[in-house]
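Trainee: Structure file my_file.txt (compact mmCIF, C-alpha atoms) right here:
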# COMPACT_ATOMS: atom_id res chain seq x y z
CA MET U 1 119.03 120.84 103.48
CA GLY U 2 120.45 122.31 106.69
CA LYS U 3 122.08 120.43 109.51
CA SER U 4 118.82 120.33 111.43
CA GLY U 5 117.30 118.29 108.60
CA VAL U 6 120.33 116.09 107.95
CA LEU U 7 121.04 114.92 111.49
CA PRO U 8 117.64 113.36 112.24
CA LEU U 9 117.72 111.60 108.88
CA VAL U 10 121.21 110.22 109.50
CA ALA U 11 120.24 109.09 113.01
CA ALA U 12 117.08 107.39 111.73
CA THR U 13 119.00 105.70 108.92
CA LEU U 14 121.61 104.33 111.32
CA LEU U 15 118.91 103.04 113.65
CA LEU U 16 117.11 101.40 110.74
CA LEU U 17 120.32 99.76 109.55
CA THR U 18 121.13 98.40 112.99
CA CYS U 19 117.69 97.16 113.88
CA SER U 20 116.76 95.68 110.50
CA HIS U 21 120.03 93.74 110.46
CA LEU U 22 119.99 92.49 114.04
CA THR U 23 116.29 92.18 114.84
CA ARG U 24 114.64 91.45 111.52
CA GLY U 25 111.95 89.35 113.10
CA GLN U 26 110.25 90.15 116.39
CA VAL U 27 107.38 87.63 116.56
CA GLU U 28 108.72 84.11 117.02
CA PHE U 29 107.18 80.71 116.24
CA PRO U 30 108.37 77.12 116.58
CA GLY U 31 109.95 75.36 113.62
CA ARG U 32 111.68 76.62 110.49
CA CYS U 33 110.41 79.28 108.11
CA PRO U 34 107.62 77.69 106.08
CA PRO U 35 107.50 77.73 102.25
CA THR U 36 105.64 80.65 100.72
CA PRO U 37 103.70 80.98 97.45
CA ILE U 38 105.22 82.26 94.22
CA ILE U 39 103.25 84.89 92.27
CA ARG U 40 104.55 84.03 88.80
CA ASP U 41 102.63 86.87 87.13
CA PHE U 42 103.64 89.50 89.70
CA ASP U 43 103.30 92.89 87.96
CA TRP U 44 105.93 95.45 88.96
CA TYR U 45 104.21 98.26 87.09
CA ARG U 46 100.86 97.79 88.83
CA TYR U 47 102.67 97.60 92.18
CA MET U 48 104.29 101.03 91.72
CA GLY U 49 103.05 103.92 93.84
CA ARG U 50 102.47 104.54 97.52
CA TRP U 51 101.60 101.93 100.13
CA ASN U 52 100.67 102.92 103.70
CA ASP U 53 101.44 100.75 106.72
CA VAL U 54 98.09 100.15 108.49
CA PHE U 55 98.57 96.84 110.36
CA ARG U 56 101.74 94.93 111.18
CA TYR U 57 103.45 92.46 113.45
CA PHE U 58 105.65 94.19 116.02
CA VAL U 59 108.82 95.56 114.41
CA PHE U 60 111.28 97.26 116.75
CA TYR U 61 112.75 99.78 114.32
CA GLN U 62 109.32 101.10 113.35
CA THR U 63 108.73 102.30 116.91
CA ILE U 64 110.92 105.35 116.21
CA GLY U 65 108.24 106.90 114.04
CA LYS U 66 104.62 106.91 112.91
CA CYS U 67 102.74 107.30 109.63
CA TRP U 68 105.06 104.93 107.76
CA SER U 69 104.63 104.58 104.02
CA GLY U 70 106.66 103.26 101.11
CA THR U 71 106.47 104.62 97.57
CA TYR U 72 107.68 102.29 94.83
CA SER U 73 109.10 103.94 91.70
CA MET U 74 111.20 102.86 88.74
CA ARG U 75 114.17 104.82 87.44
CA LYS U 76 115.02 105.08 83.74
CA SER U 77 117.68 102.43 84.28
CA GLY U 78 114.97 100.00 85.39
CA GLN U 79 116.09 100.06 89.04
CA VAL U 80 113.14 99.90 91.42
CA GLN U 81 113.39 102.12 94.47
CA VAL U 82 111.24 102.48 97.56
CA THR U 83 111.10 105.80 99.34
CA LEU U 84 110.22 105.19 102.99
CA ARG U 85 108.54 108.10 104.73
CA LEU U 86 107.71 108.48 108.42
CA ARG U 87 107.34 111.14 111.09
CA ASP U 88 109.96 110.96 113.81
CA LYS U 89 108.24 110.60 117.21
CA LEU U 90 111.02 112.33 119.15
CA LEU U 91 111.34 115.52 117.10
CA SER U 92 108.04 115.27 115.20
CA LYS U 93 109.82 115.87 111.89
CA PRO U 94 109.25 114.06 108.59
CA LEU U 95 112.03 111.68 107.56
CA LYS U 96 112.72 110.03 104.22
CA ILE U 97 114.97 107.10 103.36
CA THR U 98 115.38 105.54 99.88
CA VAL U 99 116.33 101.90 99.29
CA ASN U 100 116.91 99.89 96.13
CA VAL U 101 114.71 96.83 95.57
CA ASN U 102 115.46 93.85 93.32
CA GLN U 103 114.00 90.42 92.68
CA GLN U 104 115.81 87.51 94.32
CA SER U 105 115.33 85.48 91.12
CA PRO U 106 113.47 85.99 87.82
CA TYR U 107 111.66 82.73 88.62
CA THR U 108 110.22 84.12 91.87
CA PRO U 109 109.24 87.67 90.92
CA ASN U 110 107.38 88.44 94.18
CA LYS U 111 110.37 87.48 96.35
CA LEU U 112 112.50 90.59 96.77
CA PHE U 113 115.48 92.04 98.57
CA TYR U 114 116.46 95.59 99.41
CA THR U 115 119.79 97.34 99.74
CA ILE U 116 120.61 100.87 100.88
CA PRO U 117 122.76 102.89 98.46
CA GLY U 118 126.23 103.36 99.88
CA VAL U 119 125.84 100.51 102.39
CA PRO U 120 126.89 97.41 100.40
CA LEU U 121 127.05 95.05 103.38
CA LEU U 122 123.36 95.36 104.23
CA ARG U 123 120.87 93.25 102.32
CA ASP U 124 117.56 91.94 103.58
CA ASN U 125 114.93 89.76 101.97
CA TYR U 126 111.16 90.17 101.94
CA GLU U 127 108.29 89.21 99.68
CA VAL U 128 104.84 90.14 98.51
CA LEU U 129 102.56 87.30 99.60
CA ARG U 130 99.37 88.58 97.97
CA THR U 131 98.01 91.85 96.55
CA ASP U 132 95.13 93.23 94.54
CA TYR U 133 97.42 96.10 93.41
CA ASP U 134 94.67 98.73 93.68
CA ASN U 135 93.81 98.64 97.40
CA TRP U 136 95.87 96.33 99.61
CA THR U 137 98.99 94.20 99.77
CA ILE U 138 100.59 91.80 102.24
CA GLU U 139 104.37 91.99 102.63
CA TYR U 140 106.30 89.41 104.64
CA SER U 141 109.72 88.34 105.82
CA CYS U 142 110.90 85.37 107.83
CA ARG U 143 114.22 84.49 109.43
CA ASN U 144 115.28 81.18 110.92
CA LYS U 145 116.61 81.45 114.46
CA PRO U 146 118.52 79.09 116.78
CA TYR U 147 116.87 76.25 118.67
CA GLY U 148 114.43 75.35 115.92
CA ARG U 149 112.49 78.62 115.86
CA HIS U 150 111.75 81.32 113.32
CA ALA U 151 110.73 84.98 113.48
CA LYS U 152 108.33 86.75 111.14
CA GLN U 153 107.38 90.23 110.11
CA VAL U 154 104.07 90.76 108.33
CA TRP U 155 102.59 94.04 107.10
CA ILE U 156 99.18 94.95 105.73
CA LEU U 157 99.71 97.95 103.47
CA THR U 158 96.96 99.87 101.73
CA ARG U 159 96.80 102.63 99.14
CA SER U 160 94.83 104.80 101.54
CA PRO U 161 96.20 105.52 105.03
CA HIS U 162 92.63 105.09 106.28
CA PRO U 163 91.23 102.08 104.39
CA SER U 164 87.57 101.11 104.45
CA ARG U 165 86.28 98.06 106.28
CA ALA U 166 85.68 96.37 102.91
CA VAL U 167 89.37 96.73 101.98
CA LEU U 168 90.54 95.44 105.37
CA ARG U 169 88.11 92.53 105.17
CA LYS U 170 89.64 91.39 101.88
CA ALA U 171 93.16 91.71 103.26
CA PHE U 172 92.35 89.73 106.42
CA TYR U 173 90.60 87.05 104.39
CA ALA U 174 93.75 86.77 102.28
CA LEU U 175 95.73 86.30 105.50
CA ARG U 176 93.32 83.53 106.52
CA ASP U 177 93.80 81.80 103.16
CA LEU U 178 97.58 82.08 103.49
CA GLY U 179 97.61 80.71 107.03
CA ILE U 180 98.99 83.89 108.62
CA ARG U 181 98.11 84.41 112.28
CA ILE U 182 96.02 87.46 113.06
CA THR U 183 96.59 87.68 116.81
CA PRO U 184 100.07 89.35 116.64
CA PHE U 185 98.84 92.20 114.42
CA ARG U 186 98.95 95.75 115.74
CA ARG U 187 97.22 98.75 114.21
CA SER U 188 99.74 101.26 112.89
CA ASP U 189 99.52 104.96 113.69
CA GLN U 190 98.48 106.89 110.57
CA SER U 191 97.25 109.96 112.44
CA CYS U 192 99.46 112.34 110.43
CA SER U 193 97.11 112.16 107.47
CA ARG U 194 94.12 114.41 108.12
CA THR U 195 92.36 113.63 104.85
CA PRO U 196 92.35 110.04 103.57
CA TYR U 197 93.49 109.60 100.01
CA GLY U 198 94.47 106.80 97.69
CA HIS U 199 97.34 106.07 95.32
CA VAL U 200 96.97 103.82 92.32
CA HIS U 201 99.93 103.21 90.02
CA GLY U 202 101.71 106.26 91.41
CA ARG U 203 98.72 108.60 90.97
CA SER U 204 97.14 110.43 93.88
CA LEU U 205 93.36 110.03 94.06
CA SER U 206 91.17 112.50 95.93
CA LEU U 207 88.11 110.75 97.33
CA GLU U 208 84.64 112.18 97.72
CA PRO U 209 83.52 112.69 101.37
CA ALA U 210 80.95 109.90 101.05
CA THR U 211 83.68 107.40 100.25
CA LEU U 212 86.15 108.44 102.95
CA ALA U 213 86.96 105.66 105.38
CA LYS U 214 85.82 106.23 108.93
CA ARG U 215 88.39 105.86 111.67
CA SER U 216 85.98 103.51 113.42
CA ASP U 217 86.52 101.05 110.56
CA LEU U 218 90.05 100.52 111.85
CA LEU U 219 88.90 100.10 115.43
CA ALA U 220 85.89 97.84 114.90
CA LEU U 221 87.50 94.71 113.48
CA SER U 222 85.99 92.26 115.94
CA ASP U 223 83.14 91.53 113.53
CA ILE U 224 85.63 90.63 110.79
CA PHE U 225 87.45 88.28 113.16
CA ALA U 226 84.17 86.73 114.26
CA GLU U 227 83.17 86.25 110.63
CA LEU U 228 86.48 84.55 109.89
CA ALA U 229 86.09 82.33 112.94
CA THR U 230 82.65 81.11 111.82
CA ASN U 231 84.13 80.11 108.46
CA GLY U 232 87.17 78.32 109.83
CA THR U 233 90.30 79.07 111.81
CA VAL U 234 90.69 82.73 112.80
CA ALA U 235 92.80 84.04 109.94
CA GLY U 236 95.12 81.08 109.92
CA ASP U 237 95.93 80.89 113.60
CA GLY U 238 97.05 77.37 112.80
CA GLY U 239 100.16 79.02 111.38
CA ASP U 240 100.64 77.49 107.92
CA ILE U 241 102.92 80.40 106.92
Is it possible to express this structure as structure tokens?

Mentor:
Amino acid sequence: MGKSGVLPLVAATLLLLTCSHLTRGQVEFPGRCPPTPIIRDFDWYRYMGRWNDVFRYFVFYQTIGKCWSGTYSMRKSGQVQVTLRLRDKLLSKPLKITVNVNQQSPYTPNKLFYTIPGVPLLRDNYEVLRTDYDNWTIEYSCRNKPYGRHAKQVWILTRSPHPSRAVLRKAFYALRDLGIRITPFRRSDQSCSRTPYGHVHGRSLSLEPATLAKRSDLLALSDIFAELATNGTVAGDGGDI
């Protein structure tokens, strides 16, 4: 790789390190971080493969790029790694950063932490709140802040960068069940991918044209929210988690 490829990657890595350490949570709520569920049968092997960021709470460091995705893989040693990919908005070049991921405890297999090779002082926690492994997952982190407040980051990730309405509906219903607020969510920019595709257990799946998700599915979510509202609080806007 030439200098032109190295410098943007180094700059992006430094920005990620700084922002993830200092501004881990951007959406604040009153009180302390609430308890979260344990997925005792969390399956690492089914979770492997690519996940695309399609909705999220505001995260400052992610504003440097678009088309974020994370690909989970396992090395022969058993070490799980996530390769983060994005397209730099300033130079419009693809960037790639690899982090190591481990479980916080064998008794809480869905509660994880990541470290960046060569940067031993940086460690940050996150967790998988719920997933169906094949289509969608909800990742989450929370940090207690001064004055009795806490800040959260929540991501809806899907195997396809352009998920169908049916997939999003299931993910948002899971958020409602978990007590996660919908109102702070922002749609992520996945415009780099011209042809939607899926990834299951690390395999790339080409979809037939009839099954391709329409971009309007991402824009027309008001009916999902209305449906949630008629069945209870709008996706947990009571804020249980």

Trainee: From the set U:Phe185, U:Phe29, U:Tyr140, U:Trp44, which residue has the shortest atom-to-atom contact distance to Gln103 in chain U, counting only C-alpha atoms?

Mentor: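 So, comparing all the options, the nearest one is U:Trp44.
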
Trainee: Excluding same-chain residues fewer than 5 positions from Pro94 in chain U, what lies within 9 Å of it counting all atoms listed in the file, as a list in words?

Mentor: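 Here the qualifying residues turn out to be Leu9, Arg85, Leu86, Arg87 and Asp88 of chain U.
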
Trainee: Counting only C-alpha atoms, figure out which residue out of U:Arg32, U:Lys93, U:Arg75, U:Lys152 gets nearest to Glu139 in chain U.

Mentor: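 So, comparing all the options, the nearest one is U:Lys152.
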
Trainee: Just give me the gap between CA of Asp134 in chain U and CA of Val101 in chain U in Å, one decimal is fine.

Mentor: 20.2 Å

Trainee: Which is closest to Lys89 in chain U among U:Ala171, U:Leu121, U:Trp68, U:Phe113, if we use all atoms listed in the file?

Mentor: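 Among the listed residues, U:Trp68 lies closest to Lys89 in chain U.
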
Trainee: Can you pull out every residue within 7 Å of range 190-192 of chain U, counting only C-alpha atoms, but drop anything in the same chain fewer than 2 positions away, and send it as number ranges by chain?

Mentor: U: 66-67, 161, 188, 194

Trainee: At a cut-off of 12 Å around the point (114.4, 78.2, 108.6) (file coordinates), what residues fall inside when counting only C-alpha atoms? I'd like the answer as an MDAnalysis selection string.

Mentor: chainID U and resid 28:35 141:152 241

Trainee: Taking all atoms listed in the file into account, name the residue in U:Val154, U:Leu112, U:Val167, U:Ile97 that is nearest to Arg186 in chain U.

Mentor: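 With all atoms listed in the file as the atom set, the closest residue is U:Val154.
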
Trainee: If you measure from CA of Leu95 in chain U to CA of Asp43 in chain U, what distance in Å do you get, rounded to one decimal?

Mentor: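 Calculated distance between CA of Leu95 in chain U and CA of Asp43 in chain U is 28.5 Å.
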
Trainee: How far is it from CA of Ser69 in chain U to CA of Thr158 in chain U, in Å with one decimal?

Mentor: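 According to the coordinates, CA of Ser69 in chain U and CA of Thr158 in chain U are separated by 9.3 Å.
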
Trainee: Measuring between all atoms listed in the file, which one of U:Gln153, U:Thr137, U:Thr183, U:Thr131 shows the shortest distance to Gly70 in chain U?

Mentor: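 For Gly70 in chain U, the nearest of the candidates is U:Thr137.
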
Trainee: Let me make sure I understand: among U:Glu127, U:Asp41, U:Asp189, U:Asp132, which one has the smallest atom-to-atom distance to Ile64 in chain U if we use all atoms listed in the file?

Mentor: U:Asp189

Trainee: Can you pull out the residues contacting Arg40 in chain U? Cut-off 10 Å, using all atoms listed in the file, and skip same-chain residues under 5 positions away; I want them as a JSON list (two decimals) with C-alpha atoms, keeping the file's coordinate frame.

Mentor:
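Once everything was written out, this is out26.json:
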[["chain", "number", "residue", "atom", "x", "y", "z"],
["U", 106, "PRO", "CA", 113.47, 85.99, 87.82],
["U", 107, "TYR", "CA", 111.66, 82.73, 88.62],
["U", 108, "THR", "CA", 110.22, 84.12, 91.87],
["U", 109, "PRO", "CA", 109.24, 87.67, 90.92],
["U", 110, "ASN", "CA", 107.38, 88.44, 94.18]]

Trainee: Using only the atoms of range 96-108 of chain U listed in the file, plus 6 Å on each side, state the axis-aligned box centre and edge lengths in Å rounded to one decimal, as JSON.

Mentor:
{"center_x": 113.6, "center_y": 96.4, "center_z": 96.0, "size_x": 18.7, "size_y": 39.3, "size_z": 28.4}

Trainee: Output as an mmCIF file, in the frame of the given file: range 152-176 of chain U, completed with N, CA, C and O atoms.

Mentor:
data_model
loop_
_atom_site.group_PDB
_atom_site.id
_atom_site.type_symbol
_atom_site.label_atom_id
_atom_site.label_comp_id
_atom_site.auth_asym_id
_atom_site.auth_seq_id
_atom_site.Cartn_x
_atom_site.Cartn_y
_atom_site.Cartn_z
ATOM 1 N N LYS U 152 109.007 86.200 112.316
ATOM 2 C CA LYS U 152 108.330 86.750 111.140
ATOM 3 C C LYS U 152 108.039 88.237 111.325
ATOM 4 O O LYS U 152 107.868 88.723 112.440
ATOM 5 N N GLN U 153 107.950 88.897 110.187
ATOM 6 C CA GLN U 153 107.380 90.230 110.110
ATOM 7 C C GLN U 153 106.322 90.187 109.016
ATOM 8 O O GLN U 153 106.563 89.661 107.928
ATOM 9 N N VAL U 154 105.158 90.719 109.307
ATOM 10 C CA VAL U 154 104.070 90.760 108.330
ATOM 11 C C VAL U 154 103.454 92.157 108.378
ATOM 12 O O VAL U 154 103.220 92.698 109.460
ATOM 13 N N TRP U 155 103.206 92.725 107.201
ATOM 14 C CA TRP U 155 102.590 94.040 107.100
ATOM 15 C C TRP U 155 101.355 93.975 106.215
ATOM 16 O O TRP U 155 101.375 93.334 105.165
ATOM 17 N N ILE U 156 100.291 94.652 106.628
ATOM 18 C CA ILE U 156 99.180 94.950 105.730
ATOM 19 C C ILE U 156 99.351 96.406 105.313
ATOM 20 O O ILE U 156 99.349 97.308 106.150
ATOM 21 N N LEU U 157 99.531 96.610 104.022
ATOM 22 C CA LEU U 157 99.710 97.950 103.470
ATOM 23 C C LEU U 157 98.529 98.253 102.552
ATOM 24 O O LEU U 157 98.045 97.366 101.839
ATOM 25 N N THR U 158 98.093 99.479 102.565
ATOM 26 C CA THR U 158 96.960 99.870 101.730
ATOM 27 C C THR U 158 97.272 101.175 101.008
ATOM 28 O O THR U 158 98.113 101.960 101.442
ATOM 29 N N ARG U 159 96.582 101.397 99.902
ATOM 30 C CA ARG U 159 96.800 102.630 99.140
ATOM 31 C C ARG U 159 96.367 103.849 99.954
ATOM 32 O O ARG U 159 97.004 104.893 99.891
ATOM 33 N N SER U 160 95.290 103.710 100.688
ATOM 34 C CA SER U 160 94.830 104.800 101.540
ATOM 35 C C SER U 160 95.366 104.604 102.949
ATOM 36 O O SER U 160 95.399 103.477 103.448
ATOM 37 N N PRO U 161 95.778 105.669 103.637
ATOM 38 C CA PRO U 161 96.200 105.520 105.030
ATOM 39 C C PRO U 161 95.043 105.198 105.963
ATOM 40 O O PRO U 161 95.260 104.775 107.089
ATOM 41 N N HIS U 162 93.816 105.390 105.489
ATOM 42 C CA HIS U 162 92.630 105.090 106.280
ATOM 43 C C HIS U 162 91.684 104.229 105.439
ATOM 44 O O HIS U 162 90.674 104.714 104.926
ATOM 45 N N PRO U 163 92.013 102.940 105.273
ATOM 46 C CA PRO U 163 91.230 102.080 104.390
ATOM 47 C C PRO U 163 89.838 101.786 104.939
ATOM 48 O O PRO U 163 89.607 101.826 106.151
ATOM 49 N N SER U 164 88.935 101.463 104.046
ATOM 50 C CA SER U 164 87.570 101.110 104.450
ATOM 51 C C SER U 164 87.554 99.708 105.048
ATOM 52 O O SER U 164 88.490 98.913 104.890
ATOM 53 N N ARG U 165 86.460 99.406 105.722
ATOM 54 C CA ARG U 165 86.280 98.060 106.280
ATOM 55 C C ARG U 165 86.296 97.024 105.180
ATOM 56 O O ARG U 165 86.817 95.918 105.361
ATOM 57 N N ALA U 166 85.725 97.332 104.019
ATOM 58 C CA ALA U 166 85.680 96.370 102.910
ATOM 59 C C ALA U 166 87.087 96.009 102.444
ATOM 60 O O ALA U 166 87.371 94.838 102.152
ATOM 61 N N VAL U 167 87.983 97.003 102.383
ATOM 62 C CA VAL U 167 89.370 96.730 101.980
ATOM 63 C C VAL U 167 90.064 95.872 103.024
ATOM 64 O O VAL U 167 90.742 94.884 102.699
ATOM 65 N N LEU U 168 89.904 96.223 104.305
ATOM 66 C CA LEU U 168 90.540 95.440 105.370
ATOM 67 C C LEU U 168 89.998 94.015 105.406
ATOM 68 O O LEU U 168 90.751 93.060 105.641
ATOM 69 N N ARG U 169 88.713 93.864 105.166
ATOM 70 C CA ARG U 169 88.110 92.530 105.170
ATOM 71 C C ARG U 169 88.779 91.638 104.120
ATOM 72 O O ARG U 169 89.100 90.478 104.387
ATOM 73 N N LYS U 170 89.005 92.178 102.932
ATOM 74 C CA LYS U 170 89.640 91.390 101.880
ATOM 75 C C LYS U 170 91.072 91.032 102.254
ATOM 76 O O LYS U 170 91.531 89.917 102.005
ATOM 77 N N ALA U 171 91.776 91.986 102.861
ATOM 78 C CA ALA U 171 93.160 91.710 103.260
ATOM 79 C C ALA U 171 93.222 90.647 104.346
ATOM 80 O O ALA U 171 94.052 89.729 104.289
ATOM 81 N N PHE U 172 92.331 90.728 105.340
ATOM 82 C CA PHE U 172 92.350 89.730 106.420
ATOM 83 C C PHE U 172 91.888 88.363 105.927
ATOM 84 O O PHE U 172 92.361 87.336 106.407
ATOM 85 N N TYR U 173 90.973 88.336 104.966
ATOM 86 C CA TYR U 173 90.600 87.050 104.390
ATOM 87 C C TYR U 173 91.765 86.435 103.623
ATOM 88 O O TYR U 173 91.953 85.214 103.618
ATOM 89 N N ALA U 174 92.552 87.271 102.961
ATOM 90 C CA ALA U 174 93.750 86.770 102.280
ATOM 91 C C ALA U 174 94.728 86.184 103.285
ATOM 92 O O ALA U 174 95.342 85.129 103.040
ATOM 93 N N LEU U 175 94.872 86.837 104.437
ATOM 94 C CA LEU U 175 95.730 86.300 105.500
ATOM 95 C C LEU U 175 95.226 84.943 105.956
ATOM 96 O O LEU U 175 96.009 84.011 106.177
ATOM 97 N N ARG U 176 93.909 84.816 106.113
ATOM 98 C CA ARG U 176 93.320 83.530 106.520
ATOM 99 C C ARG U 176 93.660 82.449 105.502
ATOM 100 O O ARG U 176 94.074 81.347 105.854
#
